[in-house]
Every structure is written in C-alpha cells, then in structure tokens.
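> Right, I'll just put the structure down here and ask away after.
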Amino acid sequence: MEAFFPKKIITMNFKYVIIFFGYCFFLSCAEFPYFNQSLKDDGSLSFLVIGDWGRKGLYNQSELAIQMGEIGEKLKIDFVISSGDNFYEDGLNGVNDPTFQHSFTNIYKAPSLQKTWYNEIVDFFFIDTTPFVNDYFTNPKEHTYDWRGVLPKDKYLNDQLKDLDLALSKSTAKWKIVIGHHTIKSAGHHGIIMELAQQLVPILEEHDVDFYINGHDHCLQRIGSIDSKLEFLTSGGGSKAWRGDVKGWNQEELKFYYDGQGFMSIELNQKEVEFVYYDVFGNVLHKFSVSKDSCVSSQ
C-alpha cells in the first residue's frame, strides 16, 4: 500500500507519525511524498477513519476515543486516517501548542491507537481541498486564513490536480481511495461543493477511483453514484454533531445518513473491502462490503 500526499500537509512526530487534513495548520513539503504501509500476514489492511474531532475531549470526543480503542484492538488496525478539522476552534499556533496534547495525545490513549495516523492492494491519495472553496477567499466572515504557500491560488490548485491525475494514472492498485476534508456530495449542512464536483470528480471517475472519503459535515453518511461506481463516504462525527441538519437527497444515491457522533472502520484485501459505521457507544449503525464484481449492503 502507498499513500500519496499533496504538497501541503501536516506532519508531526509524537511516538508515531501523524498526518492530519483540514485547514488548521500546515507545514510545507518540497515534493509529492509517498508513504508505504506493510500488509498483515494474510495480505489485508484494517484502519479507522474519524474527522472533525479536536475539542479537548468535549462533545463525546473522549467517549468516541474509547470505542475507537476497542474496535481498533478487535480489528488489529494498521493505522488511522483523520479526515480533517482536527483542532477547534482555531487550529494550532505552532508545533508546541498545548492544544495538541489536550485534543489528541491525551484523548486517543488506547494502545490500539498508537499507530500511524495518516494517511500493493490499495493506494490512498490525499488532497488539500480547502483552497478549492471560493467562499474562504471571497467571504471569510469572522475567520482568518493563512494562505502562505497556497497563493497564487490557481497555480496551487492546478499543481494539485496535475499531481493527483499523474499519481492516479500510475497506480496499479486493486483499490483506489481519495481522501479530502471537504464534502463533494453530502445530504448534510454543506451539501454539494460545486468547485470540487466540477474540478475533482472528473479526475476521480476517469481513473476509476472507488471511494472518496471526507469529513467537514459533522455526521456519518454514504452516498453512491447513479452513473459510476464512485462512492462518497463521510466520517465527520468525531465530536460535535449537527443534529437534524439534513437535506433531501435522491434515495437511489443516499445509502446511509446519521446525524450523530461516530467513526468508521475499513477492512480490505485483494478481493473485498468492508466498511462499518459506529456510534459513540460502539454500536454498528451501517455496514457494507464491495468487491470488484458486486456490492453487498446491510444495516
């Protein structure tokens, strides 16, 4: 397995490598980096996905961390992927910010979670989706964004899309998964982000990407595509949830939606990948499996 990252990533070392996505704090990287993850002896991988979590243990973040530890132990996970918005409300002010301990180190303490947090049977492709959203530039409201390394925006976005397109074209993996923070399709608060739908989806479909995984909307959901195999999976229920904030959606595409806190596990091998969504108590809310030949879904 290889993981491919954009030129703007967060990397911090604290007993293990942690790579987070969102728009909290960035360190520059000179080139498109690659990370390799060994498979288990049986040729499989298992990992958790959680997003929108860093609230110093509040809004059930600590309770979710306990359940993640238990599920992580049961599945013998290899790593954890964070789908962004990691440190509320205003991110980190540097590598020594105590918020890192209060919202991460002191929360995700379970032995099974002391793995690599990031993000040849699967390739993961991580993309910085924040600069695609025009509102952050034209209507920032009360927020202040640090665009160092991103401006000029058009060049940054074009470089990202070219890098992604090239990496996907070179991939010979059985499964291809792209991870970004922002929703492309969502029945939640942010709905469809047109900039990503118009610029990113054609590349994903051209290269037969299997799944796009994101956070941003504080919920759990699964949305399929009527005209392609691409599925859009949200794991953004890491702490504060947005109860009742649900939009209408085509029922042929909307396979699952939960407006509470939770996380997701993924197990995959050469033949099949299984996704399971959990709530704050560790209960299974929804699960489905996909092979290259068929899709089976159950709740």
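Here's how to read the names in the structure tokens: chain A, B, ... by the order shown, residue numbers from 1 in each chain, ligand numbers from 1 in the order shown.
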Could you pull the residues within 8 Å of Ser112 (chain A), counting only C-alpha atoms, minus those fewer than 5 positions along the same chain, as a CSV table (one decimal) with all heavy atoms, in the first residue's frame?

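As a result, selection20.csv now contains:
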chain,number,residue,atom,x,y,z
A,69,GLY,N,-10.6,2.8,20.5
A,69,GLY,CA,-9.6,1.9,21.0
A,69,GLY,C,-10.0,0.5,21.1
A,69,GLY,O,-9.3,-0.5,20.7
A,70,GLU,N,-11.3,0.2,21.4
A,70,GLU,CA,-11.8,-1.1,21.5
A,70,GLU,C,-12.0,-1.8,20.1
A,70,GLU,O,-11.6,-2.9,19.9
A,70,GLU,CB,-13.1,-1.1,22.2
A,70,GLU,CG,-13.0,-0.8,23.7
A,70,GLU,CD,-14.3,-0.8,24.5
A,70,GLU,OE1,-15.4,-1.2,23.8
A,70,GLU,OE2,-14.4,-0.5,25.7
A,72,GLY,N,-10.4,-0.7,17.4
A,72,GLY,CA,-9.0,-0.8,16.9
A,72,GLY,C,-8.3,-2.1,17.4
A,72,GLY,O,-7.6,-2.8,16.6
A,73,GLU,N,-8.5,-2.5,18.7
A,73,GLU,CA,-7.9,-3.7,19.2
A,73,GLU,C,-8.5,-4.9,18.5
A,73,GLU,O,-7.8,-5.9,18.2
A,73,GLU,CB,-8.1,-3.7,20.7
A,73,GLU,CG,-7.6,-5.0,21.4
A,73,GLU,CD,-6.1,-5.1,21.3
A,73,GLU,OE1,-5.4,-4.0,21.2
A,73,GLU,OE2,-5.5,-6.2,21.3
A,76,LYS,N,-7.3,-5.1,15.0
A,76,LYS,CA,-5.9,-5.1,14.9
A,76,LYS,C,-5.5,-4.1,13.8
A,76,LYS,O,-4.8,-4.4,12.8
A,76,LYS,CB,-5.3,-6.5,14.6
A,76,LYS,CG,-5.6,-7.5,15.8
A,76,LYS,CD,-4.8,-8.7,15.6
A,76,LYS,CE,-5.2,-9.8,16.6
A,76,LYS,NZ,-5.2,-9.3,18.0
A,77,ILE,N,-5.9,-2.9,14.0
A,77,ILE,CA,-5.8,-1.9,12.9
A,77,ILE,C,-4.3,-1.6,12.6
A,77,ILE,O,-3.5,-1.7,13.5
A,77,ILE,CB,-6.5,-0.6,13.3
A,77,ILE,CG1,-6.0,0.1,14.6
A,77,ILE,CG2,-8.0,-0.8,13.3
A,77,ILE,CD1,-6.5,1.5,14.8
> Could you jot down the CA of His286 (chain A) to CA of Gln261 (chain A) separation for me, Å, one decimal place?
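Taking CA of His286 (chain A) and CA of Gln261 (chain A), their separation equals 13.5 Å.
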> When DSSP works through the backbone of this structure, what residues of region 80-230 of chain A end up as strand (DSSP E or B), shown as a list in words?
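Result set for region 80-230 of chain A (strand (DSSP E or B)): Val80, Ile81, Ser82, Thr116, Trp117, Val122, Asp123, Phe124, Phe125, Phe126, Trp175, Lys176, Ile177, Val178, Ile179, Phe211, Tyr212, Ile213, Asn214, Leu220, Gln221, Arg222 and Ile223 of chain A.
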> Quick one: residues within 7 Å of region 232-243 of chain A, only C-alpha atoms, excluding same-chain residues fewer than 2 positions away - as a PyMOL selection string?
chain A and resi 49-53+55+58-61+185+211-224+230+245+259-264
> Please write the residues from the selection above to a file, keeping N, CA and C atoms, as an mmCIF file, in the first residue's frame.

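And here is the file that came out, selection_5.cif:
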data_model
loop_
_atom_site.group_PDB
_atom_site.id
_atom_site.type_symbol
_atom_site.label_atom_id
_atom_site.label_comp_id
_atom_site.auth_asym_id
_atom_site.auth_seq_id
_atom_site.Cartn_x
_atom_site.Cartn_y
_atom_site.Cartn_z
ATOM 1 N N VAL A 49 -11.344 5.612 10.388
ATOM 2 C CA VAL A 49 -11.434 6.957 9.830
ATOM 3 C C VAL A 49 -12.301 7.800 10.753
ATOM 4 N N ILE A 50 -11.782 8.948 11.155
ATOM 5 C CA ILE A 50 -12.539 9.867 12.002
ATOM 6 C C ILE A 50 -12.181 11.295 11.598
ATOM 7 N N GLY A 51 -13.151 12.185 11.679
ATOM 8 C CA GLY A 51 -12.894 13.566 11.318
ATOM 9 C C GLY A 51 -13.617 14.542 12.220
ATOM 10 N N ASP A 52 -13.177 15.803 12.187
ATOM 11 C CA ASP A 52 -13.854 16.899 12.882
ATOM 12 C C ASP A 52 -13.958 16.608 14.378
ATOM 13 N N TRP A 53 -12.794 16.391 15.016
ATOM 14 C CA TRP A 53 -12.808 15.837 16.360
ATOM 15 C C TRP A 53 -12.211 16.705 17.458
ATOM 16 N N ARG A 55 -11.739 18.718 20.197
ATOM 17 C CA ARG A 55 -12.425 19.644 21.104
ATOM 18 C C ARG A 55 -12.062 19.373 22.572
ATOM 19 N N LEU A 58 -14.388 17.205 24.660
ATOM 20 C CA LEU A 58 -15.796 17.572 24.794
ATOM 21 C C LEU A 58 -16.629 17.009 23.647
ATOM 22 N N TYR A 59 -17.951 17.148 23.790
ATOM 23 C CA TYR A 59 -18.902 16.664 22.779
ATOM 24 C C TYR A 59 -18.668 15.189 22.459
ATOM 25 N N ASN A 60 -18.415 14.412 23.507
ATOM 26 C CA ASN A 60 -18.240 12.962 23.386
ATOM 27 C C ASN A 60 -16.970 12.555 22.635
ATOM 28 N N GLN A 61 -16.036 13.481 22.451
ATOM 29 C CA GLN A 61 -14.779 13.088 21.809
ATOM 30 C C GLN A 61 -14.066 12.009 22.609
ATOM 31 N N LYS A 185 -20.260 15.329 -2.336
ATOM 32 C CA LYS A 185 -21.701 15.104 -2.246
ATOM 33 C C LYS A 185 -22.052 14.897 -0.781
ATOM 34 N N PHE A 211 -13.516 5.118 -3.939
ATOM 35 C CA PHE A 211 -14.165 5.850 -2.851
ATOM 36 C C PHE A 211 -13.494 7.204 -2.643
ATOM 37 N N TYR A 212 -14.320 8.214 -2.371
ATOM 38 C CA TYR A 212 -13.835 9.496 -1.881
ATOM 39 C C TYR A 212 -14.304 9.614 -0.438
ATOM 40 N N ILE A 213 -13.360 9.776 0.493
ATOM 41 C CA ILE A 213 -13.666 9.841 1.925
ATOM 42 C C ILE A 213 -13.379 11.246 2.430
ATOM 43 N N ASN A 214 -14.311 11.798 3.214
ATOM 44 C CA ASN A 214 -14.173 13.173 3.692
ATOM 45 C C ASN A 214 -14.743 13.326 5.095
ATOM 46 N N GLY A 215 -14.527 14.500 5.660
ATOM 47 C CA GLY A 215 -15.166 14.922 6.901
ATOM 48 C C GLY A 215 -16.016 16.140 6.594
ATOM 49 N N HIS A 216 -15.798 17.251 7.320
ATOM 50 C CA HIS A 216 -16.412 18.567 7.096
ATOM 51 C C HIS A 216 -17.852 18.636 7.597
ATOM 52 N N ASP A 217 -18.745 17.795 7.090
ATOM 53 C CA ASP A 217 -20.082 17.719 7.671
ATOM 54 C C ASP A 217 -20.017 16.810 8.891
ATOM 55 N N HIS A 218 -20.586 17.276 10.000
ATOM 56 C CA HIS A 218 -20.451 16.588 11.282
ATOM 57 C C HIS A 218 -21.490 15.475 11.386
ATOM 58 N N CYS A 219 -21.273 14.438 10.628
ATOM 59 C CA CYS A 219 -22.217 13.334 10.524
ATOM 60 C C CYS A 219 -21.483 12.127 9.956
ATOM 61 N N LEU A 220 -22.213 11.046 9.759
ATOM 62 C CA LEU A 220 -21.728 9.871 9.045
ATOM 63 C C LEU A 220 -22.673 9.634 7.871
ATOM 64 N N GLN A 221 -22.126 9.361 6.712
ATOM 65 C CA GLN A 221 -23.020 9.110 5.585
ATOM 66 C C GLN A 221 -22.326 8.350 4.472
ATOM 67 N N ARG A 222 -23.176 7.813 3.589
ATOM 68 C CA ARG A 222 -22.708 7.095 2.404
ATOM 69 C C ARG A 222 -23.611 7.464 1.241
ATOM 70 N N ILE A 223 -23.014 8.002 0.194
ATOM 71 C CA ILE A 223 -23.754 8.375 -0.997
ATOM 72 C C ILE A 223 -23.098 7.715 -2.201
ATOM 73 N N GLY A 224 -23.904 7.028 -2.995
ATOM 74 C CA GLY A 224 -23.400 6.390 -4.204
ATOM 75 C C GLY A 224 -23.560 7.295 -5.412
ATOM 76 N N LEU A 230 -18.200 5.226 -8.254
ATOM 77 C CA LEU A 230 -17.622 6.067 -7.203
ATOM 78 C C LEU A 230 -18.623 6.287 -6.067
ATOM 79 N N ASP A 245 -29.640 18.466 10.886
ATOM 80 C CA ASP A 245 -29.213 19.270 9.744
ATOM 81 C C ASP A 245 -29.069 18.352 8.529
ATOM 82 N N ASP A 259 -26.935 11.599 11.854
ATOM 83 C CA ASP A 259 -26.580 12.958 12.260
ATOM 84 C C ASP A 259 -26.057 13.032 13.690
ATOM 85 N N GLY A 260 -25.354 11.986 14.107
ATOM 86 C CA GLY A 260 -24.761 11.963 15.438
ATOM 87 C C GLY A 260 -23.261 11.715 15.365
ATOM 88 N N GLN A 261 -22.665 11.478 16.534
ATOM 89 C CA GLN A 261 -21.222 11.241 16.591
ATOM 90 C C GLN A 261 -20.885 9.796 16.251
ATOM 91 N N GLY A 262 -19.694 9.614 15.691
ATOM 92 C CA GLY A 262 -19.276 8.262 15.357
ATOM 93 C C GLY A 262 -18.017 8.258 14.515
ATOM 94 N N PHE A 263 -17.664 7.071 14.041
ATOM 95 C CA PHE A 263 -16.461 6.887 13.227
ATOM 96 C C PHE A 263 -16.668 5.693 12.325
ATOM 97 N N MET A 264 -15.662 5.383 11.528
ATOM 98 C CA MET A 264 -15.775 4.337 10.531
ATOM 99 C C MET A 264 -14.557 3.423 10.582
#
> Find the spatial neighbours of Glu206 (chain A), counting only C-alpha atoms, within a cut-off of 10 Å - ignore same-chain residues fewer than 5 positions away - and output them as a ChimeraX atom specification.
/A:165,168-169,201
> Dump N, CA and C atoms for the selected residues as a short mmCIF file (atom, residue, chain, number, x, y, z; two decimals), in the first residue's frame?

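Final file, out00.cif:
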data_model
loop_
_atom_site.label_atom_id
_atom_site.label_comp_id
_atom_site.auth_asym_id
_atom_site.auth_seq_id
_atom_site.Cartn_x
_atom_site.Cartn_y
_atom_site.Cartn_z
N ASP A 165 -3.79 13.62 -10.76
CA ASP A 165 -4.04 12.95 -12.03
C ASP A 165 -2.88 12.03 -12.39
N LEU A 168 -2.67 8.98 -9.89
CA LEU A 168 -3.74 8.02 -10.18
C LEU A 168 -3.45 7.25 -11.46
N SER A 169 -2.92 7.94 -12.45
CA SER A 169 -2.64 7.28 -13.73
C SER A 169 -1.55 6.23 -13.59
N VAL A 201 -14.15 15.58 -9.41
CA VAL A 201 -14.87 14.36 -9.76
C VAL A 201 -14.49 13.81 -11.13
#
> Which residues are near Val209 (chain A)? Cut-off 12 Å, only C-alpha atoms, ignore same chain within fewer than 4 positions. Put them as a ChimeraX atom specification.
/A:122-125,164-165,167-169,171-179,200-205,213,228-232,292
> Keeping N, CA, C and O atoms for every residue in the selection just given, could you write it to a file as a short mmCIF file (atom, residue, chain, number, x, y, z; two decimals), in the first residue's frame?

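Result file follows (part15.cif):
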data_model
loop_
_atom_site.label_atom_id
_atom_site.label_comp_id
_atom_site.auth_asym_id
_atom_site.auth_seq_id
_atom_site.Cartn_x
_atom_site.Cartn_y
_atom_site.Cartn_z
N VAL A 122 -3.94 -1.46 -2.23
CA VAL A 122 -4.69 -0.20 -2.20
C VAL A 122 -3.72 0.97 -2.24
O VAL A 122 -2.64 0.92 -1.66
N ASP A 123 -4.13 2.02 -2.94
CA ASP A 123 -3.42 3.29 -2.91
C ASP A 123 -4.36 4.35 -2.35
O ASP A 123 -5.53 4.42 -2.73
N PHE A 124 -3.84 5.15 -1.43
CA PHE A 124 -4.58 6.28 -0.87
C PHE A 124 -3.99 7.57 -1.45
O PHE A 124 -2.77 7.73 -1.51
N PHE A 125 -4.86 8.48 -1.83
CA PHE A 125 -4.44 9.75 -2.40
C PHE A 125 -5.08 10.86 -1.58
O PHE A 125 -6.31 10.97 -1.51
N LEU A 164 -2.37 14.82 -8.65
CA LEU A 164 -3.33 13.75 -8.39
C LEU A 164 -3.58 12.94 -9.65
O LEU A 164 -3.60 11.69 -9.61
N ASP A 165 -3.79 13.62 -10.76
CA ASP A 165 -4.04 12.95 -12.03
C ASP A 165 -2.88 12.03 -12.39
O ASP A 165 -3.08 10.87 -12.79
N ALA A 167 -0.53 10.74 -10.30
CA ALA A 167 -0.41 9.63 -9.34
C ALA A 167 -1.46 8.57 -9.60
O ALA A 167 -1.17 7.36 -9.54
N LEU A 168 -2.67 8.98 -9.89
CA LEU A 168 -3.74 8.02 -10.18
C LEU A 168 -3.45 7.25 -11.46
O LEU A 168 -3.70 6.04 -11.55
N SER A 169 -2.92 7.94 -12.45
CA SER A 169 -2.64 7.28 -13.73
C SER A 169 -1.55 6.23 -13.59
O SER A 169 -1.53 5.24 -14.34
N SER A 171 -1.02 4.45 -10.80
CA SER A 171 -1.40 3.44 -9.82
C SER A 171 -1.88 2.16 -10.49
O SER A 171 -2.70 2.19 -11.42
N THR A 172 -1.37 1.04 -10.01
CA THR A 172 -1.84 -0.27 -10.47
C THR A 172 -2.54 -1.02 -9.34
O THR A 172 -2.74 -2.23 -9.42
N ALA A 173 -2.90 -0.30 -8.27
CA ALA A 173 -3.50 -0.92 -7.09
C ALA A 173 -4.90 -1.46 -7.40
O ALA A 173 -5.60 -0.96 -8.28
N LYS A 174 -5.27 -2.46 -6.65
CA LYS A 174 -6.61 -3.04 -6.79
C LYS A 174 -7.67 -2.03 -6.38
O LYS A 174 -8.74 -1.94 -6.99
N TRP A 175 -7.40 -1.30 -5.32
CA TRP A 175 -8.34 -0.31 -4.81
C TRP A 175 -7.69 1.07 -4.83
O TRP A 175 -6.51 1.21 -4.51
N LYS A 176 -8.48 2.08 -5.15
CA LYS A 176 -8.01 3.47 -5.13
C LYS A 176 -8.97 4.29 -4.27
O LYS A 176 -10.19 4.32 -4.54
N ILE A 177 -8.42 4.95 -3.26
CA ILE A 177 -9.22 5.74 -2.33
C ILE A 177 -8.62 7.13 -2.25
O ILE A 177 -7.42 7.28 -1.99
N VAL A 178 -9.44 8.15 -2.46
CA VAL A 178 -9.00 9.54 -2.34
C VAL A 178 -9.61 10.12 -1.07
O VAL A 178 -10.80 9.93 -0.80
N ILE A 179 -8.78 10.82 -0.29
CA ILE A 179 -9.23 11.43 0.96
C ILE A 179 -9.04 12.93 0.90
O ILE A 179 -7.96 13.42 0.56
N LEU A 200 -12.75 18.07 -9.42
CA LEU A 200 -12.14 16.85 -8.88
C LEU A 200 -12.82 15.58 -9.38
O LEU A 200 -12.15 14.60 -9.73
N VAL A 201 -14.15 15.58 -9.41
CA VAL A 201 -14.87 14.36 -9.76
C VAL A 201 -14.49 13.81 -11.13
O VAL A 201 -14.32 12.59 -11.28
N PRO A 202 -14.33 14.65 -12.17
CA PRO A 202 -13.94 14.07 -13.47
C PRO A 202 -12.63 13.29 -13.42
O PRO A 202 -12.49 12.25 -14.09
N ILE A 203 -11.68 13.74 -12.61
CA ILE A 203 -10.41 13.02 -12.47
C ILE A 203 -10.63 11.70 -11.73
O ILE A 203 -10.08 10.66 -12.12
N LEU A 204 -11.44 11.73 -10.68
CA LEU A 204 -11.72 10.51 -9.93
C LEU A 204 -12.38 9.46 -10.82
O LEU A 204 -12.03 8.27 -10.78
N GLU A 205 -13.36 9.90 -11.60
CA GLU A 205 -14.08 8.95 -12.45
C GLU A 205 -13.21 8.45 -13.60
O GLU A 205 -13.28 7.26 -13.96
N ILE A 213 -13.36 9.78 0.49
CA ILE A 213 -13.67 9.84 1.93
C ILE A 213 -13.38 11.25 2.43
O ILE A 213 -12.33 11.82 2.14
N SER A 228 -21.81 5.99 -12.05
CA SER A 228 -20.45 5.46 -11.91
C SER A 228 -20.37 4.64 -10.62
O SER A 228 -21.29 4.65 -9.81
N LYS A 229 -19.23 3.98 -10.43
CA LYS A 229 -19.05 3.15 -9.23
C LYS A 229 -18.58 3.97 -8.04
O LYS A 229 -18.53 3.47 -6.91
N LEU A 230 -18.20 5.23 -8.25
CA LEU A 230 -17.62 6.07 -7.20
C LEU A 230 -18.62 6.29 -6.07
O LEU A 230 -19.78 6.64 -6.29
N GLU A 231 -18.15 6.07 -4.82
CA GLU A 231 -18.97 6.34 -3.63
C GLU A 231 -18.33 7.43 -2.78
O GLU A 231 -17.11 7.54 -2.72
N PHE A 232 -19.19 8.22 -2.13
CA PHE A 232 -18.77 9.34 -1.30
C PHE A 232 -19.10 9.02 0.16
O PHE A 232 -20.28 8.88 0.51
N LYS A 292 -14.86 -6.19 -6.52
CA LYS A 292 -14.73 -5.61 -7.86
C LYS A 292 -15.85 -6.08 -8.79
O LYS A 292 -16.04 -5.52 -9.86
#
> Return the single residue from A:Asp279, A:Asp42, A:Glu63, A:Asp90 that is closest to Tyr108 (chain A), with distances computed using only C-alpha atoms.
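Answer, going by the shortest atom-to-atom distance: A:Glu63.
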> Using the chain letters and numbers from this document, which residues of region 129-286 of chain A does DSSP assign to helix (DSSP H, G or I), as a PyMOL selection string?
chain A and resi 130-132+135-138+153-170+194-199+201-206
> What is the CA of Phe79 (chain A) to CA of Phe47 (chain A) distance in Å?
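Between CA of Phe79 (chain A) and CA of Phe47 (chain A) the gap works out to 5.2 Å.
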> Which is closest to Val280 (chain A) among A:Tyr145, A:Leu39, A:Lys56, A:Ile71, if we use only C-alpha atoms?
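When distances to Val280 (chain A) are compared using only C-alpha atoms, the smallest one comes from A:Ile71.
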> Counting only C-alpha atoms, figure out which residue out of A:Ser225, A:Asp154, A:Lys74, A:Asp208 gets nearest to Ser46 (chain A).
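Among the listed residues, the smallest separation from Ser46 (chain A) belongs to A:Lys74.
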> Find, counting only C-alpha atoms, the residue in A:Phe35, A:His143, A:Tyr136, A:Asp78 that gets nearest to Gly91 (chain A).
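Residue with the minimum atom-to-atom distance to Gly91 (chain A): A:His143.
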> CA of Trp117 (chain A) to CA of Glu195 (chain A): how many Å, to one decimal?
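Atom-to-atom, CA of Trp117 (chain A) to CA of Glu195 (chain A), that is 27.7 Å.
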